[in-house]
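Right, one structure below, let's go through it.
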Amino acid sequence: MASFGDLKPNIYYLVQVDTDSDIELISVILQTKETVLLRSFLPQAEDFFKYLDEPIFKLVEEVDEATAQQLETLYPAATEEEYYEEGEE
């Protein structure tokens, strides 16, 4: 089983973090001695930390930058107004 420590920076991955989660497009932003900072692009953009030894339920596949960009174009970009509205709730 793959772990978050197996993921390399500047590479895009399709992963399913656990049995209840959707498949996400992620990449490693930063790696420390114990953790990785990941950016999830789809279906929603957010950054989150995981431990290096924490298992990934399913590493679906590694995708190149062109494929990642194609996937991103399928989702509408959030506008500044949407960010503002979410912050007020």
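Residues are named by chain letter and number: chains run A, B, ... in the order of the structure tokens, numbers start at 1 in each chain, and ligands are numbered from 1 in the order shown.
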
Practice prompt. As a ChimeraX atom specification, please: all residues of stretch 6-72 of chain A that backbone DSSP puts in strand (DSSP E).
Written response: /A:12-16,23-31,35-42,46-51,58-63

Produce a file of the selected residues containing N, CA and C atoms, as a compact mmCIF listing (two decimals), in the first residue's frame.
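Saved to again_17.txt:
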```txt
# COMPACT_ATOMS: atom_id res chain seq x y z
N TYR A 12 1.66 15.28 -10.32
CA TYR A 12 0.24 15.24 -10.03
C TYR A 12 -0.20 13.78 -9.87
N TYR A 13 -1.08 13.56 -8.91
CA TYR A 13 -1.59 12.22 -8.64
C TYR A 13 -3.10 12.25 -8.49
N LEU A 14 -3.73 11.20 -8.95
CA LEU A 14 -5.14 10.95 -8.65
C LEU A 14 -5.13 9.94 -7.52
N VAL A 15 -5.70 10.32 -6.38
CA VAL A 15 -5.71 9.44 -5.21
C VAL A 15 -7.09 9.40 -4.57
N GLN A 16 -7.33 8.32 -3.87
CA GLN A 16 -8.49 8.21 -3.00
C GLN A 16 -7.90 8.05 -1.60
N ILE A 23 -12.19 10.53 -5.42
CA ILE A 23 -10.87 10.60 -6.05
C ILE A 23 -10.53 12.07 -6.20
N GLU A 24 -9.29 12.44 -5.81
CA GLU A 24 -8.84 13.83 -5.86
C GLU A 24 -7.59 13.95 -6.72
N LEU A 25 -7.41 15.11 -7.32
CA LEU A 25 -6.17 15.45 -8.01
C LEU A 25 -5.32 16.23 -7.02
N ILE A 26 -4.14 15.70 -6.67
CA ILE A 26 -3.28 16.35 -5.68
C ILE A 26 -1.85 16.43 -6.17
N SER A 27 -1.07 17.29 -5.53
CA SER A 27 0.38 17.30 -5.74
C SER A 27 1.03 17.71 -4.42
N VAL A 28 2.30 17.33 -4.26
CA VAL A 28 3.06 17.65 -3.05
C VAL A 28 3.65 19.05 -3.22
N ILE A 29 3.38 19.92 -2.25
CA ILE A 29 3.92 21.28 -2.26
C ILE A 29 5.23 21.33 -1.49
N LEU A 30 5.27 20.63 -0.35
CA LEU A 30 6.42 20.71 0.54
C LEU A 30 6.50 19.43 1.36
N GLN A 31 7.73 18.99 1.61
CA GLN A 31 7.92 17.81 2.45
C GLN A 31 8.85 18.16 3.60
N THR A 35 6.14 15.12 7.64
CA THR A 35 4.87 15.37 6.96
C THR A 35 5.08 15.80 5.51
N VAL A 36 3.98 15.81 4.78
CA VAL A 36 3.94 16.43 3.45
C VAL A 36 2.77 17.41 3.44
N LEU A 37 2.99 18.54 2.78
CA LEU A 37 1.92 19.50 2.55
C LEU A 37 1.43 19.25 1.14
N LEU A 38 0.16 18.94 1.03
CA LEU A 38 -0.43 18.59 -0.26
C LEU A 38 -1.42 19.67 -0.69
N ARG A 39 -1.54 19.82 -1.98
CA ARG A 39 -2.57 20.70 -2.54
C ARG A 39 -3.53 19.82 -3.32
N SER A 40 -4.79 19.90 -2.95
CA SER A 40 -5.84 19.21 -3.68
C SER A 40 -6.43 20.21 -4.66
N PHE A 41 -6.49 19.84 -5.92
CA PHE A 41 -6.99 20.74 -6.96
C PHE A 41 -8.45 20.48 -7.28
N LEU A 42 -8.85 19.25 -7.28
CA LEU A 42 -10.21 18.90 -7.68
C LEU A 42 -10.77 17.90 -6.69
N GLU A 46 -7.72 23.02 -1.96
CA GLU A 46 -7.38 23.21 -0.56
C GLU A 46 -6.02 22.58 -0.29
N ASP A 47 -5.32 23.09 0.72
CA ASP A 47 -4.04 22.55 1.14
C ASP A 47 -4.24 21.81 2.45
N PHE A 48 -3.51 20.70 2.62
CA PHE A 48 -3.62 19.94 3.86
C PHE A 48 -2.34 19.15 4.11
N PHE A 49 -2.08 18.85 5.38
CA PHE A 49 -0.92 18.07 5.78
C PHE A 49 -1.31 16.61 5.99
N LYS A 50 -0.37 15.72 5.69
CA LYS A 50 -0.49 14.30 6.01
C LYS A 50 0.87 13.82 6.52
N TYR A 51 0.88 12.82 7.38
CA TYR A 51 2.12 12.21 7.82
C TYR A 51 2.73 11.39 6.69
N LYS A 58 -5.97 4.41 -1.94
CA LYS A 58 -5.73 3.98 -3.32
C LYS A 58 -5.02 5.08 -4.09
N LEU A 59 -3.83 4.77 -4.58
CA LEU A 59 -3.11 5.65 -5.49
C LEU A 59 -3.57 5.23 -6.88
N VAL A 60 -4.47 6.02 -7.46
CA VAL A 60 -5.11 5.64 -8.72
C VAL A 60 -4.11 5.71 -9.86
N GLU A 61 -3.47 6.88 -10.02
CA GLU A 61 -2.45 7.01 -11.06
C GLU A 61 -1.71 8.33 -10.96
N GLU A 62 -0.56 8.36 -11.60
CA GLU A 62 0.23 9.58 -11.73
C GLU A 62 -0.14 10.20 -13.06
N VAL A 63 -0.37 11.53 -13.08
CA VAL A 63 -0.73 12.19 -14.33
C VAL A 63 0.25 13.31 -14.63
```

Discussion item. As a PyMOL selection string, please: every residue in chain A that DSSP puts in helix (DSSP H, G or I).
Written reply: chain A and resi 4-6+65-73+80-88

Atoms kept (N, CA and C atoms) for selection, written as a PDB file, in the first residue's frame:
```pdb
ATOM      1  N   PHE A   4       1.815   8.554   1.896  1.00  0.00           N
ATOM      2  CA  PHE A   4       2.018   9.923   1.420  1.00  0.00           C
ATOM      3  C   PHE A   4       3.499  10.242   1.236  1.00  0.00           C
ATOM      4  N   GLY A   5       4.382   9.542   1.953  1.00  0.00           N
ATOM      5  CA  GLY A   5       5.815   9.725   1.786  1.00  0.00           C
ATOM      6  C   GLY A   5       6.330   9.242   0.442  1.00  0.00           C
ATOM      7  N   ASP A   6       5.562   8.405  -0.241  1.00  0.00           N
ATOM      8  CA  ASP A   6       5.950   7.902  -1.568  1.00  0.00           C
ATOM      9  C   ASP A   6       5.714   8.923  -2.674  1.00  0.00           C
ATOM     10  N   GLU A  65       1.414  17.081 -16.281  1.00  0.00           N
ATOM     11  CA  GLU A  65       0.871  18.429 -16.091  1.00  0.00           C
ATOM     12  C   GLU A  65      -0.218  18.756 -17.103  1.00  0.00           C
ATOM     13  N   ALA A  66      -0.044  18.320 -18.353  1.00  0.00           N
ATOM     14  CA  ALA A  66      -1.048  18.606 -19.384  1.00  0.00           C
ATOM     15  C   ALA A  66      -2.387  17.958 -19.038  1.00  0.00           C
ATOM     16  N   THR A  67      -2.355  16.723 -18.562  1.00  0.00           N
ATOM     17  CA  THR A  67      -3.586  16.032 -18.178  1.00  0.00           C
ATOM     18  C   THR A  67      -4.218  16.710 -16.967  1.00  0.00           C
ATOM     19  N   ALA A  68      -3.387  17.116 -16.002  1.00  0.00           N
ATOM     20  CA  ALA A  68      -3.899  17.820 -14.822  1.00  0.00           C
ATOM     21  C   ALA A  68      -4.597  19.107 -15.229  1.00  0.00           C
ATOM     22  N   GLN A  69      -4.018  19.845 -16.165  1.00  0.00           N
ATOM     23  CA  GLN A  69      -4.637  21.086 -16.628  1.00  0.00           C
ATOM     24  C   GLN A  69      -5.952  20.813 -17.345  1.00  0.00           C
ATOM     25  N   GLN A  70      -6.004  19.735 -18.119  1.00  0.00           N
ATOM     26  CA  GLN A  70      -7.257  19.371 -18.783  1.00  0.00           C
ATOM     27  C   GLN A  70      -8.341  19.067 -17.759  1.00  0.00           C
ATOM     28  N   LEU A  71      -7.985  18.345 -16.707  1.00  0.00           N
ATOM     29  CA  LEU A  71      -8.951  18.030 -15.655  1.00  0.00           C
ATOM     30  C   LEU A  71      -9.443  19.301 -14.972  1.00  0.00           C
ATOM     31  N   GLU A  72      -8.532  20.237 -14.714  1.00  0.00           N
ATOM     32  CA  GLU A  72      -8.904  21.488 -14.051  1.00  0.00           C
ATOM     33  C   GLU A  72      -9.880  22.309 -14.881  1.00  0.00           C
ATOM     34  N   THR A  73      -9.769  22.251 -16.210  1.00  0.00           N
ATOM     35  CA  THR A  73     -10.664  23.035 -17.057  1.00  0.00           C
ATOM     36  C   THR A  73     -12.103  22.511 -17.023  1.00  0.00           C
ATOM     37  N   GLU A  80     -13.736  35.572  -6.842  1.00  0.00           N
ATOM     38  CA  GLU A  80     -13.422  36.227  -5.573  1.00  0.00           C
ATOM     39  C   GLU A  80     -14.659  36.368  -4.715  1.00  0.00           C
ATOM     40  N   GLU A  81     -15.798  36.631  -5.348  1.00  0.00           N
ATOM     41  CA  GLU A  81     -17.048  36.786  -4.614  1.00  0.00           C
ATOM     42  C   GLU A  81     -17.416  35.490  -3.893  1.00  0.00           C
ATOM     43  N   GLU A  82     -17.214  34.345  -4.547  1.00  0.00           N
ATOM     44  CA  GLU A  82     -17.507  33.062  -3.914  1.00  0.00           C
ATOM     45  C   GLU A  82     -16.612  32.845  -2.705  1.00  0.00           C
ATOM     46  N   TYR A  83     -15.330  33.212  -2.809  1.00  0.00           N
ATOM     47  CA  TYR A  83     -14.430  33.081  -1.670  1.00  0.00           C
ATOM     48  C   TYR A  83     -14.924  33.950  -0.517  1.00  0.00           C
ATOM     49  N   TYR A  84     -15.364  35.156  -0.820  1.00  0.00           N
ATOM     50  CA  TYR A  84     -15.833  36.083   0.194  1.00  0.00           C
ATOM     51  C   TYR A  84     -17.083  35.540   0.885  1.00  0.00           C
ATOM     52  N   GLU A  85     -18.014  35.011   0.100  1.00  0.00           N
ATOM     53  CA  GLU A  85     -19.242  34.487   0.677  1.00  0.00           C
ATOM     54  C   GLU A  85     -18.972  33.313   1.585  1.00  0.00           C
ATOM     55  N   GLU A  86     -18.040  32.430   1.215  1.00  0.00           N
ATOM     56  CA  GLU A  86     -17.722  31.274   2.041  1.00  0.00           C
ATOM     57  C   GLU A  86     -17.117  31.725   3.368  1.00  0.00           C
ATOM     58  N   GLY A  87     -16.322  32.773   3.356  1.00  0.00           N
ATOM     59  CA  GLY A  87     -15.674  33.267   4.558  1.00  0.00           C
ATOM     60  C   GLY A  87     -16.653  33.858   5.562  1.00  0.00           C
ATOM     61  N   GLU A  88     -17.804  34.325   5.099  1.00  0.00           N
ATOM     62  CA  GLU A  88     -18.775  34.969   5.972  1.00  0.00           C
ATOM     63  C   GLU A  88     -19.638  33.968   6.720  1.00  0.00           C
TER      64      GLU A  88
END
```

Discussion item. Please compute the atom CA of A:Glu54-atom CA of A:Val17 distance, one decimal, in Å.
Written reply: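 Interatomic distance here is 9.8 Å.
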
Item to complete: To one decimal in Å, tell me the separation between atom CA of A:Lys33 and atom CA of A:Ser21.
Response: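 That distance, rounded to one decimal, is 26.3 Å.
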
Worksheet entry | For atom CA of A:Ile11 and atom CA of A:Asp64, the interatomic separation in Å (one decimal) | 7.1 Å

Fill in: Residue nearest A:Asp53 - candidates A:Asp18, A:Pro9, A:Tyr75, A:Ser3, atoms counted: only C-alpha atoms
A:Ser3
